[in-house]
file structure-v6.tsv (TSV, C-alpha atoms)
chain	number	residue	atom	x	y	z
A	144	MET	CA	3.03	61.82	0.61
A	145	SER	CA	4.49	59.48	-1.95
A	146	ARG	CA	7.77	61.38	-1.83
A	147	VAL	CA	8.10	60.75	1.89
A	148	ALA	CA	7.44	57.06	1.39
A	149	HIS	CA	10.07	56.87	-1.32
A	150	ALA	CA	12.66	58.59	0.78
A	151	ARG	CA	12.05	56.26	3.67
A	152	LEU	CA	12.24	53.05	1.70
A	153	PRO	CA	16.02	52.91	1.24
A	154	ALA	CA	16.58	53.72	4.91
A	155	VAL	CA	14.28	50.90	6.01
A	156	ALA	CA	15.88	48.48	3.57
A	157	LEU	CA	19.32	49.46	4.80
A	158	ALA	CA	18.38	48.97	8.44
A	159	LEU	CA	16.87	45.57	7.64
A	160	ALA	CA	19.94	44.51	5.70
A	161	ALA	CA	22.23	45.64	8.49
A	162	ALA	CA	20.17	43.75	11.08
A	163	ALA	CA	20.20	40.61	8.93
A	164	ALA	CA	23.94	40.88	8.35
A	165	GLN	CA	24.61	41.35	12.05
A	166	ALA	CA	22.46	38.37	13.00
A	167	GLY	CA	24.29	36.27	10.40
A	168	PHE	CA	27.73	37.34	11.50
A	169	GLY	CA	27.08	36.96	15.20
A	170	ALA	CA	25.68	33.47	14.81
A	171	ALA	CA	28.16	32.08	12.31
A	172	PHE	CA	31.41	33.30	13.75
A	173	ALA	CA	31.91	33.32	17.47
A	174	GLU	CA	35.62	33.88	17.04
A	175	PRO	CA	38.43	33.62	19.56
A	176	ALA	CA	39.29	36.71	21.53
A	177	ASP	CA	40.52	39.48	19.24
A	178	ALA	CA	41.29	43.03	20.17
A	179	GLY	CA	38.17	45.15	20.72
A	180	LEU	CA	35.61	42.36	20.27
A	181	ASP	CA	32.48	41.91	22.36
A	182	ALA	CA	31.00	38.59	23.52
A	183	GLN	CA	29.30	38.01	20.14
A	184	GLY	CA	32.56	38.36	18.25
A	185	GLN	CA	31.65	41.79	16.93
A	186	LEU	CA	33.76	44.89	17.05
A	187	GLN	CA	32.61	47.00	20.00
A	188	ASN	CA	32.48	50.12	17.89
A	189	PRO	CA	29.38	49.74	15.63
A	190	ALA	CA	30.82	52.06	12.96
A	191	LEU	CA	33.92	49.86	12.72
A	192	GLN	CA	31.77	46.72	12.70
A	193	ALA	CA	29.77	48.11	9.75
A	194	ARG	CA	32.99	48.86	7.86
A	195	PHE	CA	34.32	45.42	8.76
A	196	GLU	CA	31.24	43.75	7.27
A	197	HIS	CA	31.54	45.79	4.10
A	198	ILE	CA	35.25	44.98	3.66
A	199	ALA	CA	34.82	41.28	4.49
A	200	GLN	CA	32.15	41.01	1.77
A	201	GLU	CA	34.58	42.55	-0.70
A	202	LEU	CA	37.49	40.15	-0.12
A	203	ARG	CA	37.84	36.73	-1.67
A	204	CYS	CA	38.79	33.72	0.39
A	205	LEU	CA	41.66	32.43	-1.76
A	206	GLN	CA	41.45	28.95	-0.28
A	207	CYS	CA	37.95	28.53	-1.62
A	208	GLN	CA	38.12	31.16	-4.39
A	209	ASN	CA	34.45	31.94	-4.86
A	210	GLU	CA	33.46	32.68	-1.29
A	211	THR	CA	33.99	35.96	0.50
A	212	ILE	CA	36.07	35.95	3.66
A	213	ALA	CA	32.84	36.94	5.43
A	214	ASP	CA	31.12	33.73	4.33
A	215	SER	CA	34.00	31.29	4.53
A	216	ASN	CA	34.94	29.16	7.48
A	217	ALA	CA	38.40	28.34	6.12
A	218	ASP	CA	41.36	28.97	8.41
A	219	LEU	CA	42.84	31.56	6.11
A	220	ALA	CA	39.53	33.46	5.89
A	221	ARG	CA	39.40	33.55	9.69
A	222	ASP	CA	42.97	34.91	9.80
A	223	LEU	CA	42.16	37.54	7.19
A	224	ARG	CA	39.08	38.63	9.15
A	225	ARG	CA	41.29	39.02	12.20
A	226	GLN	CA	43.69	41.08	10.10
A	227	VAL	CA	40.89	43.37	8.86
A	228	ARG	CA	39.53	43.88	12.40
A	229	GLU	CA	42.95	44.68	13.81
A	230	MET	CA	43.64	47.19	11.07
A	231	LEU	CA	40.25	48.85	11.64
A	232	VAL	CA	40.86	49.08	15.38
A	233	SER	CA	44.29	50.59	14.79
A	234	GLY	CA	42.66	53.32	12.69
A	235	LYS	CA	43.56	52.19	9.16
A	236	SER	CA	41.36	53.40	6.28
A	237	ASP	CA	39.43	51.03	4.00
A	238	ASP	CA	41.85	51.83	1.20
A	239	GLU	CA	44.85	50.95	3.35
A	240	ILE	CA	43.26	47.61	4.21
A	241	PHE	CA	42.50	46.79	0.56
A	242	THR	CA	46.04	47.79	-0.40
A	243	PHE	CA	47.44	45.54	2.34
A	244	MET	CA	45.50	42.63	0.83
A	245	THR	CA	46.27	43.28	-2.83
A	246	ASP	CA	49.98	43.79	-2.01
A	247	ARG	CA	50.04	40.22	-0.73
A	248	TYR	CA	47.42	38.35	-2.72
A	249	GLY	CA	47.03	40.40	-5.90
A	250	GLU	CA	43.94	42.04	-7.42
A	251	PHE	CA	42.19	38.67	-7.44
A	252	VAL	CA	41.56	38.99	-3.72
A	253	ARG	CA	39.01	41.72	-4.46
A	254	PHE	CA	35.61	40.85	-5.83
A	255	ALA	CA	35.29	44.25	-7.45
A	256	PRO	CA	38.77	45.19	-8.68
A	257	PRO	CA	39.25	48.94	-9.22
A	258	LEU	CA	39.06	50.27	-12.76
A	259	SER	CA	42.50	50.23	-14.38
A	260	PRO	CA	43.88	49.49	-17.88
A	261	LYS	CA	44.18	45.82	-16.88
A	262	THR	CA	40.60	45.55	-15.65
A	263	ALA	CA	39.04	47.80	-18.32
A	264	LEU	CA	37.88	44.75	-20.26
A	265	ILE	CA	36.04	43.31	-17.24
A	266	TRP	CA	34.31	46.59	-16.49
A	267	GLY	CA	33.70	47.51	-20.12
A	268	ALA	CA	32.44	44.15	-21.40
A	269	PRO	CA	28.84	44.48	-20.12
A	270	PHE	CA	28.46	47.94	-21.67
A	271	PHE	CA	30.09	46.81	-24.87
A	272	THR	CA	27.78	43.79	-25.07
A	273	LEU	CA	24.76	46.00	-24.37
A	274	LEU	CA	25.77	48.34	-27.19
A	275	LEU	CA	26.36	45.41	-29.53
A	276	GLY	CA	22.97	43.90	-28.69
A	277	GLY	CA	21.32	47.29	-29.10
A	278	ALA	CA	22.88	47.68	-32.54
A	279	VAL	CA	21.68	44.23	-33.59
A	280	VAL	CA	18.13	44.91	-32.35
A	281	TYR	CA	18.13	48.29	-34.08
A	282	ARG	CA	19.14	46.72	-37.40
A	283	ILE	CA	16.55	43.94	-37.14
A	284	VAL	CA	13.75	46.33	-36.21
A	285	ARG	CA	14.64	48.71	-39.03
A	286	GLN	CA	14.76	45.89	-41.56
A	287	ARG	CA	11.40	44.54	-40.42
A	288	SER	CA	9.78	47.97	-40.52
A	289	ARG	CA	10.81	48.20	-44.16
A	290	MET	CA	9.18	44.87	-44.99
A	291	PRO	CA	5.72	44.85	-46.56
A	292	LEU	CA	2.97	44.00	-44.10
A	293	ASP	CA	1.05	41.57	-46.31
A	294	GLU	CA	1.71	38.20	-44.72
B	47	MET	CA	29.02	38.88	-46.99
B	48	TRP	CA	28.77	40.41	-43.48
B	49	LYS	CA	26.20	37.81	-42.50
B	50	PHE	CA	28.83	35.13	-42.98
B	51	LEU	CA	31.98	36.97	-41.95
B	52	LEU	CA	30.76	38.32	-38.60
B	53	PRO	CA	29.66	35.01	-37.04
B	54	PHE	CA	32.72	33.31	-38.50
B	55	THR	CA	35.10	35.83	-36.91
B	56	ALA	CA	33.28	35.46	-33.60
B	57	PHE	CA	33.58	31.68	-33.91
B	58	VAL	CA	37.35	31.84	-34.54
B	59	ALA	CA	37.76	34.25	-31.61
B	60	LEU	CA	35.90	31.80	-29.36
B	61	ILE	CA	38.11	28.89	-30.47
B	62	VAL	CA	41.24	30.92	-29.67
B	63	LEU	CA	39.78	31.84	-26.27
B	64	PHE	CA	38.97	28.19	-25.51
B	65	VAL	CA	42.36	26.89	-26.62
B	66	PHE	CA	44.11	29.24	-24.19
B	67	GLY	CA	41.47	29.28	-21.48
B	68	LEU	CA	40.86	25.55	-21.27
B	69	SER	CA	44.44	24.42	-21.83
B	70	PRO	CA	45.06	21.40	-19.58
B	71	THR	CA	48.54	22.69	-18.71
B	72	ARG	CA	47.07	25.83	-17.20
B	73	ASP	CA	46.33	25.62	-13.47
B	74	ILE	CA	43.32	27.87	-12.87
B	75	HIS	CA	44.00	27.92	-9.14
B	76	ALA	CA	47.58	29.18	-9.48
B	77	LEU	CA	47.49	32.94	-9.13
B	78	PRO	CA	50.33	35.28	-10.05
B	79	SER	CA	52.01	36.56	-6.91
B	80	PRO	CA	52.34	40.33	-6.56
B	81	LEU	CA	55.44	39.60	-4.50
B	82	ILE	CA	57.59	38.65	-7.49
B	83	GLY	CA	60.28	41.29	-8.00
B	84	ARG	CA	59.57	42.87	-4.62
B	85	PRO	CA	61.47	42.57	-1.33
B	86	ALA	CA	60.61	39.43	0.62
B	87	PRO	CA	58.55	40.13	3.75
B	88	GLN	CA	60.71	40.30	6.86
B	89	PHE	CA	60.06	37.85	9.63
B	90	ALA	CA	61.55	37.10	13.03
B	91	LEU	CA	59.88	34.07	14.57
B	92	SER	CA	60.85	31.54	17.18
B	93	ASP	CA	62.67	28.41	16.08
B	94	VAL	CA	60.54	25.25	15.93
B	95	ILE	CA	63.31	23.08	17.33
B	96	ASP	CA	64.73	25.54	19.86
B	97	PRO	CA	61.94	27.91	20.99
B	98	SER	CA	64.43	30.26	22.63
B	99	ALA	CA	66.18	30.94	19.31
B	100	VAL	CA	64.94	33.39	16.67
B	101	VAL	CA	64.74	32.64	12.95
B	102	SER	CA	64.90	35.81	10.89
B	103	ASN	CA	65.51	36.33	7.20
B	104	ALA	CA	67.33	39.58	7.91
B	105	ALA	CA	70.38	37.40	8.62
B	106	LEU	CA	70.15	35.85	5.15
B	107	LYS	CA	70.72	39.01	3.17
B	108	GLY	CA	73.52	38.54	0.66
B	109	GLN	CA	72.69	34.95	-0.19
B	110	VAL	CA	70.21	33.17	-2.40
B	111	TYR	CA	67.79	31.08	-0.37
B	112	VAL	CA	64.50	29.24	-0.49
B	113	VAL	CA	61.52	29.73	1.82
B	114	ASN	CA	59.13	26.79	2.14
B	115	VAL	CA	55.80	27.31	3.89
B	116	TRP	CA	54.39	24.04	5.24
B	117	GLY	CA	52.51	22.44	8.11
B	118	THR	CA	52.03	18.96	9.52
B	119	TRP	CA	48.29	19.26	8.76
B	120	CYS	CA	49.07	19.57	5.06
B	121	ALA	CA	49.01	16.32	3.08
B	122	GLU	CA	50.85	17.70	0.07
B	123	CYS	CA	53.68	18.79	2.39
B	124	ARG	CA	54.22	15.17	3.38
B	125	VAL	CA	54.43	14.27	-0.31
B	126	GLU	CA	57.02	16.92	-1.13
B	127	HIS	CA	59.11	16.20	1.96
B	128	GLU	CA	61.20	13.52	0.22
B	129	GLU	CA	62.07	15.97	-2.54
B	130	LEU	CA	63.02	18.68	-0.02
B	131	LEU	CA	65.34	16.17	1.66
B	132	ALA	CA	66.90	15.35	-1.71
B	133	ILE	CA	67.36	19.07	-2.44
B	134	SER	CA	68.97	19.71	0.95
B	135	ARG	CA	71.51	16.95	0.23
B	136	GLN	CA	72.57	18.85	-2.92
B	137	HIS	CA	73.69	21.77	-0.70
B	138	VAL	CA	72.80	24.29	-3.41
B	139	VAL	CA	70.85	26.78	-1.31
B	140	PRO	CA	69.62	26.82	2.29
B	141	ILE	CA	65.92	26.03	2.71
B	142	ILE	CA	64.21	28.06	5.40
B	143	GLY	CA	61.03	26.39	6.61
B	144	ILE	CA	58.02	28.29	7.90
B	145	ASP	CA	55.80	26.00	9.94
B	146	TRP	CA	52.32	27.47	9.56
B	147	SER	CA	50.05	26.69	12.50
B	148	VAL	CA	46.62	27.18	10.91
B	149	ASP	CA	44.72	26.57	14.15
B	150	HIS	CA	47.03	28.98	16.05
B	151	GLY	CA	47.62	26.23	18.60
B	152	PRO	CA	51.04	25.55	20.13
B	153	GLY	CA	50.56	21.84	19.35
B	154	GLU	CA	51.79	22.31	15.80
B	155	ARG	CA	55.30	22.97	17.10
B	156	ASP	CA	55.53	19.53	18.76
B	157	LYS	CA	54.03	17.83	15.75
B	158	ALA	CA	56.54	19.59	13.51
B	159	LYS	CA	59.43	18.53	15.74
B	160	GLN	CA	58.31	14.92	15.67
B	161	TRP	CA	57.81	15.08	11.91
B	162	LEU	CA	61.36	16.33	11.37
B	163	GLU	CA	62.85	13.79	13.76
B	164	ARG	CA	60.99	10.93	12.14
B	165	LEU	CA	61.33	11.89	8.46
B	166	GLY	CA	64.55	13.91	8.46
B	167	ASN	CA	65.07	17.65	8.44
B	168	PRO	CA	65.73	19.35	5.09
B	169	TYR	CA	65.68	22.84	6.59
B	170	ALA	CA	68.61	25.03	7.54
B	171	GLN	CA	66.20	26.64	10.01
B	172	VAL	CA	62.49	26.26	10.70
B	173	ALA	CA	60.47	29.21	11.98
B	174	PHE	CA	57.23	28.71	13.90
B	175	ASP	CA	54.42	30.89	12.53
B	176	GLN	CA	51.88	30.27	15.25
B	177	GLU	CA	49.58	33.18	14.38
B	178	GLY	CA	49.75	32.77	10.62
B	179	ARG	CA	50.95	36.35	10.13
B	180	THR	CA	54.08	35.53	8.18
B	181	ALA	CA	52.00	33.28	5.92
B	182	ILE	CA	49.72	36.26	5.20
B	183	ASP	CA	52.73	38.51	4.56
B	184	PHE	CA	53.97	36.02	1.97
B	185	GLY	CA	50.49	35.88	0.41
B	186	VAL	CA	50.27	32.14	1.05
B	187	TYR	CA	46.85	30.66	0.47
B	188	ALA	CA	47.55	26.96	-0.03
B	189	ALA	CA	50.49	25.21	1.60
B	190	PRO	CA	52.97	24.11	0.51
B	191	GLU	CA	54.32	27.18	-1.25
B	192	THR	CA	57.98	27.68	-2.04
B	193	PHE	CA	59.69	31.01	-2.68
B	194	LEU	CA	63.07	31.76	-4.17
B	195	ILE	CA	64.81	34.86	-2.82
B	196	ASP	CA	67.87	36.52	-4.34
B	197	ARG	CA	70.90	38.12	-2.74
B	198	ARG	CA	69.27	41.52	-2.48
B	199	GLY	CA	66.37	39.96	-0.62
B	200	LYS	CA	63.94	40.12	-3.54
B	201	VAL	CA	61.43	37.37	-4.29
B	202	ILE	CA	62.24	36.05	-7.75
B	203	PHE	CA	60.00	33.01	-8.00
B	204	LYS	CA	57.09	31.31	-6.27
B	205	HIS	CA	55.91	27.74	-6.67
B	206	ILE	CA	52.47	26.73	-5.41
B	207	SER	CA	51.83	23.11	-4.34
B	208	GLY	CA	54.35	20.34	-3.79
B	209	MET	CA	57.98	20.47	-4.89
B	210	THR	CA	58.94	17.88	-7.49
B	211	PRO	CA	62.32	17.00	-9.08
B	212	GLU	CA	61.03	18.48	-12.34
B	213	VAL	CA	60.01	21.80	-10.78
B	214	TRP	CA	63.31	22.01	-8.93
B	215	GLU	CA	65.42	21.31	-12.00
B	216	LYS	CA	63.44	23.35	-14.52
B	217	GLN	CA	62.17	26.27	-12.45
B	218	PHE	CA	64.50	26.70	-9.52
B	219	LEU	CA	68.02	25.65	-10.53
B	220	PRO	CA	68.29	27.92	-13.62
B	221	ARG	CA	66.96	30.89	-11.61
B	222	ILE	CA	69.40	30.18	-8.77
B	223	ALA	CA	72.30	30.09	-11.25
B	224	ALA	CA	71.15	33.34	-12.85
B	225	ALA	CA	70.70	35.00	-9.46
B	226	ARG	CA	74.28	34.09	-8.53
B	227	GLU	CA	75.75	35.37	-11.78
B	228	GLY	CA	73.95	38.71	-11.79
B	229	ALA	CA	74.39	41.33	-9.07

call {"tool": "encode", "arguments": {"input": "structure-v6.tsv", "output": "structure tokens"}}
result
Amino acid sequence: MSRVAHARLPAVALALAAAAAQAGFGAAFAEPADAGLDAQGQLQNPALQARFEHIAQELRCLQCQNETIADSNADLARDLRRQVREMLVSGKSDDEIFTFMTDRYGEFVRFAPPLSPKTALIWGAPFFTLLLGGAVVYRIVRQRSRMPLDE
Amino acid sequence: MWKFLLPFTAFVALIVLFVFGLSPTRDIHALPSPLIGRPAPQFALSDVIDPSAVVSNAALKGQVYVVNVWGTWCAECRVEHEELLAISRQHVVPIIGIDWSVDHGPGERDKAKQWLERLGNPYAQVAFDQEGRTAIDFGVYAAPETFLIDRRGKVIFKHISGMTPEVWEKQFLPRIAAAREGA
């Protein structure tokens, strides 16, 4: 019984998130006629639209630097969304689209840059800090456990 | 000993980080362009002044030239215009303008024409990028941006924001001279 409930939970959450995202996108951006768009400015193919939303959340609007191109209303963000849609419609893979963007704007255009020697510090820092904190806590706890208890 | 040394080392490391990270000469918005050292994107767009003519950088292969991405909607472009005029009078390199129509409207072309008639035209040619695709190919995110391209068609330098006499003399002229000597 509980196993069934657990299995369902992610699916429900996913559906809710997708619905919320779609409502947000449709309302915020009624964009000018692009190839393969319906009246709400969404790609007619729902699978492509889902990929579009994922990619747009992953790309930084360089005009405003801390917004995604999905969230931003800047002209450049609008043009980059058009670019992503067109590439999806023409059958390009997600990787090809990300490569197109990083070839022009650099790794900074991605919110989650892929793991490479240059980005190892960014990806490694949280784990390193966790280890460091763990070591400090371990030392403190061990020292305290050695202390006499008569306070 | 460790109790003193460890925090002290961390403190020194932080100071070094702050000195470099918060340096007032460092522009946090200026991003390194992945285009440097790579072939300049090809474009063939209609001419702002004569819509029936085509402006293409394929024709410029074999010479050092400058590409300046601008628009009449861009305040900083108005500021740098005087300097571009001064540069064009030096006749060092041709400046190719790319008029970026951010709203994708055809109105930008007329505004650009008027702008050049009123203020003077520093450009050897001005291309009309109505759809903003060439701007994307050049990785432009904040006009004006100015690119220096060598004889083999490679991008060798990019300057973000307005051109100034200092930037031209210190960043562009030495690179132009070097590009002419080599290759």

call {"tool": "closest_residue", "arguments": {"input": "structure-v6.tsv", "among": "B:Arg72, B:Arg84, B:Lys200, B:Arg164", "to": "chain A", "atoms": "all atoms listed in the file"}}
result
B:Arg84

call {"tool": "residues_around", "arguments": {"input": "structure-v6.tsv", "residues": "Arg135 (chain B)", "least_positions_apart": "6", "cutoff": "12 Å", "atoms": "only C-alpha atoms", "output": "list in words"}}
result
Glu128, Glu129, Ile141, Gly166, Asn167, Pro168, Tyr169 and Ala170 of chain B

call {"tool": "write_last_selection", "arguments": {"input": "structure-v6.tsv", "atoms": "C-alpha atoms", "output": "tab-separated table (two decimals), in the frame of the given file"}}
result
chain	number	residue	atom	x	y	z
B	128	GLU	CA	61.20	13.52	0.22
B	129	GLU	CA	62.07	15.97	-2.54
B	141	ILE	CA	65.92	26.03	2.71
B	166	GLY	CA	64.55	13.91	8.46
B	167	ASN	CA	65.07	17.65	8.44
B	168	PRO	CA	65.73	19.35	5.09
B	169	TYR	CA	65.68	22.84	6.59
B	170	ALA	CA	68.61	25.03	7.54

call {"tool": "atom_distance", "arguments": {"input": "structure-v6.tsv", "atom1": "CA of Val113 (chain B)", "atom2": "CA of Glu154 (chain B)"}}
result
18.6 Å

call {"tool": "interface_residues", "arguments": {"input": "structure-v6.tsv", "of": "chain A", "to": "chain B", "cutoff": "9 Å", "atoms": "only C-alpha atoms", "output": "CSV table (one decimal) with C-alpha atoms, keeping the file's coordinate frame"}}
result
chain,number,residue,atom,x,y,z
A,204,CYS,CA,38.8,33.7,0.4
A,205,LEU,CA,41.7,32.4,-1.8
A,206,GLN,CA,41.4,29.0,-0.3
A,208,GLN,CA,38.1,31.2,-4.4
A,218,ASP,CA,41.4,29.0,8.4
A,219,LEU,CA,42.8,31.6,6.1
A,222,ASP,CA,43.0,34.9,9.8
A,223,LEU,CA,42.2,37.5,7.2
A,226,GLN,CA,43.7,41.1,10.1
A,244,MET,CA,45.5,42.6,0.8
A,245,THR,CA,46.3,43.3,-2.8
A,246,ASP,CA,50.0,43.8,-2.0
A,247,ARG,CA,50.0,40.2,-0.7
A,248,TYR,CA,47.4,38.4,-2.7
A,249,GLY,CA,47.0,40.4,-5.9
A,250,GLU,CA,43.9,42.0,-7.4
A,251,PHE,CA,42.2,38.7,-7.4

call {"tool": "atom_distance", "arguments": {"input": "structure-v6.tsv", "atom1": "CA of Phe174 (chain B)", "atom2": "CA of Asp145 (chain B)"}}
result
5.0 Å

call {"tool": "residues_near_point", "arguments": {"input": "structure-v6.tsv", "point": "(56.7, 26.6, -4.0)", "cutoff": "9 Å", "atoms": "only C-alpha atoms", "output": "PyMOL selection string"}}
result
chain B and resi 112-115+189-194+203-209+213

call {"tool": "axis_aligned_box", "arguments": {"input": "structure-v6.tsv", "around": "region 54-68 of chain B", "padding_each_side": "8 Å", "output": "JSON"}}
result
{"center_x": 38.4, "center_y": 30.7, "center_z": -29.9, "size_x": 27.4, "size_y": 26.3, "size_z": 33.2}

call {"tool": "closest_residue", "arguments": {"input": "structure-v6.tsv", "among": "B:Val125, B:Ala86, B:Ala173, B:Ile202", "to": "Trp146 (chain B)", "atoms": "only C-alpha atoms"}}
result
B:Ala173

call {"tool": "closest_residue", "arguments": {"input": "structure-v6.tsv", "among": "A:Arg253, A:Arg285, A:Arg228, A:Lys235", "to": "Thr211 (chain A)", "atoms": "all atoms listed in the file"}}
result
A:Arg253

call {"tool": "atom_distance", "arguments": {"input": "structure-v6.tsv", "atom1": "CA of Gly108 (chain B)", "atom2": "CA of Gly199 (chain B)"}}
result
7.4 Å
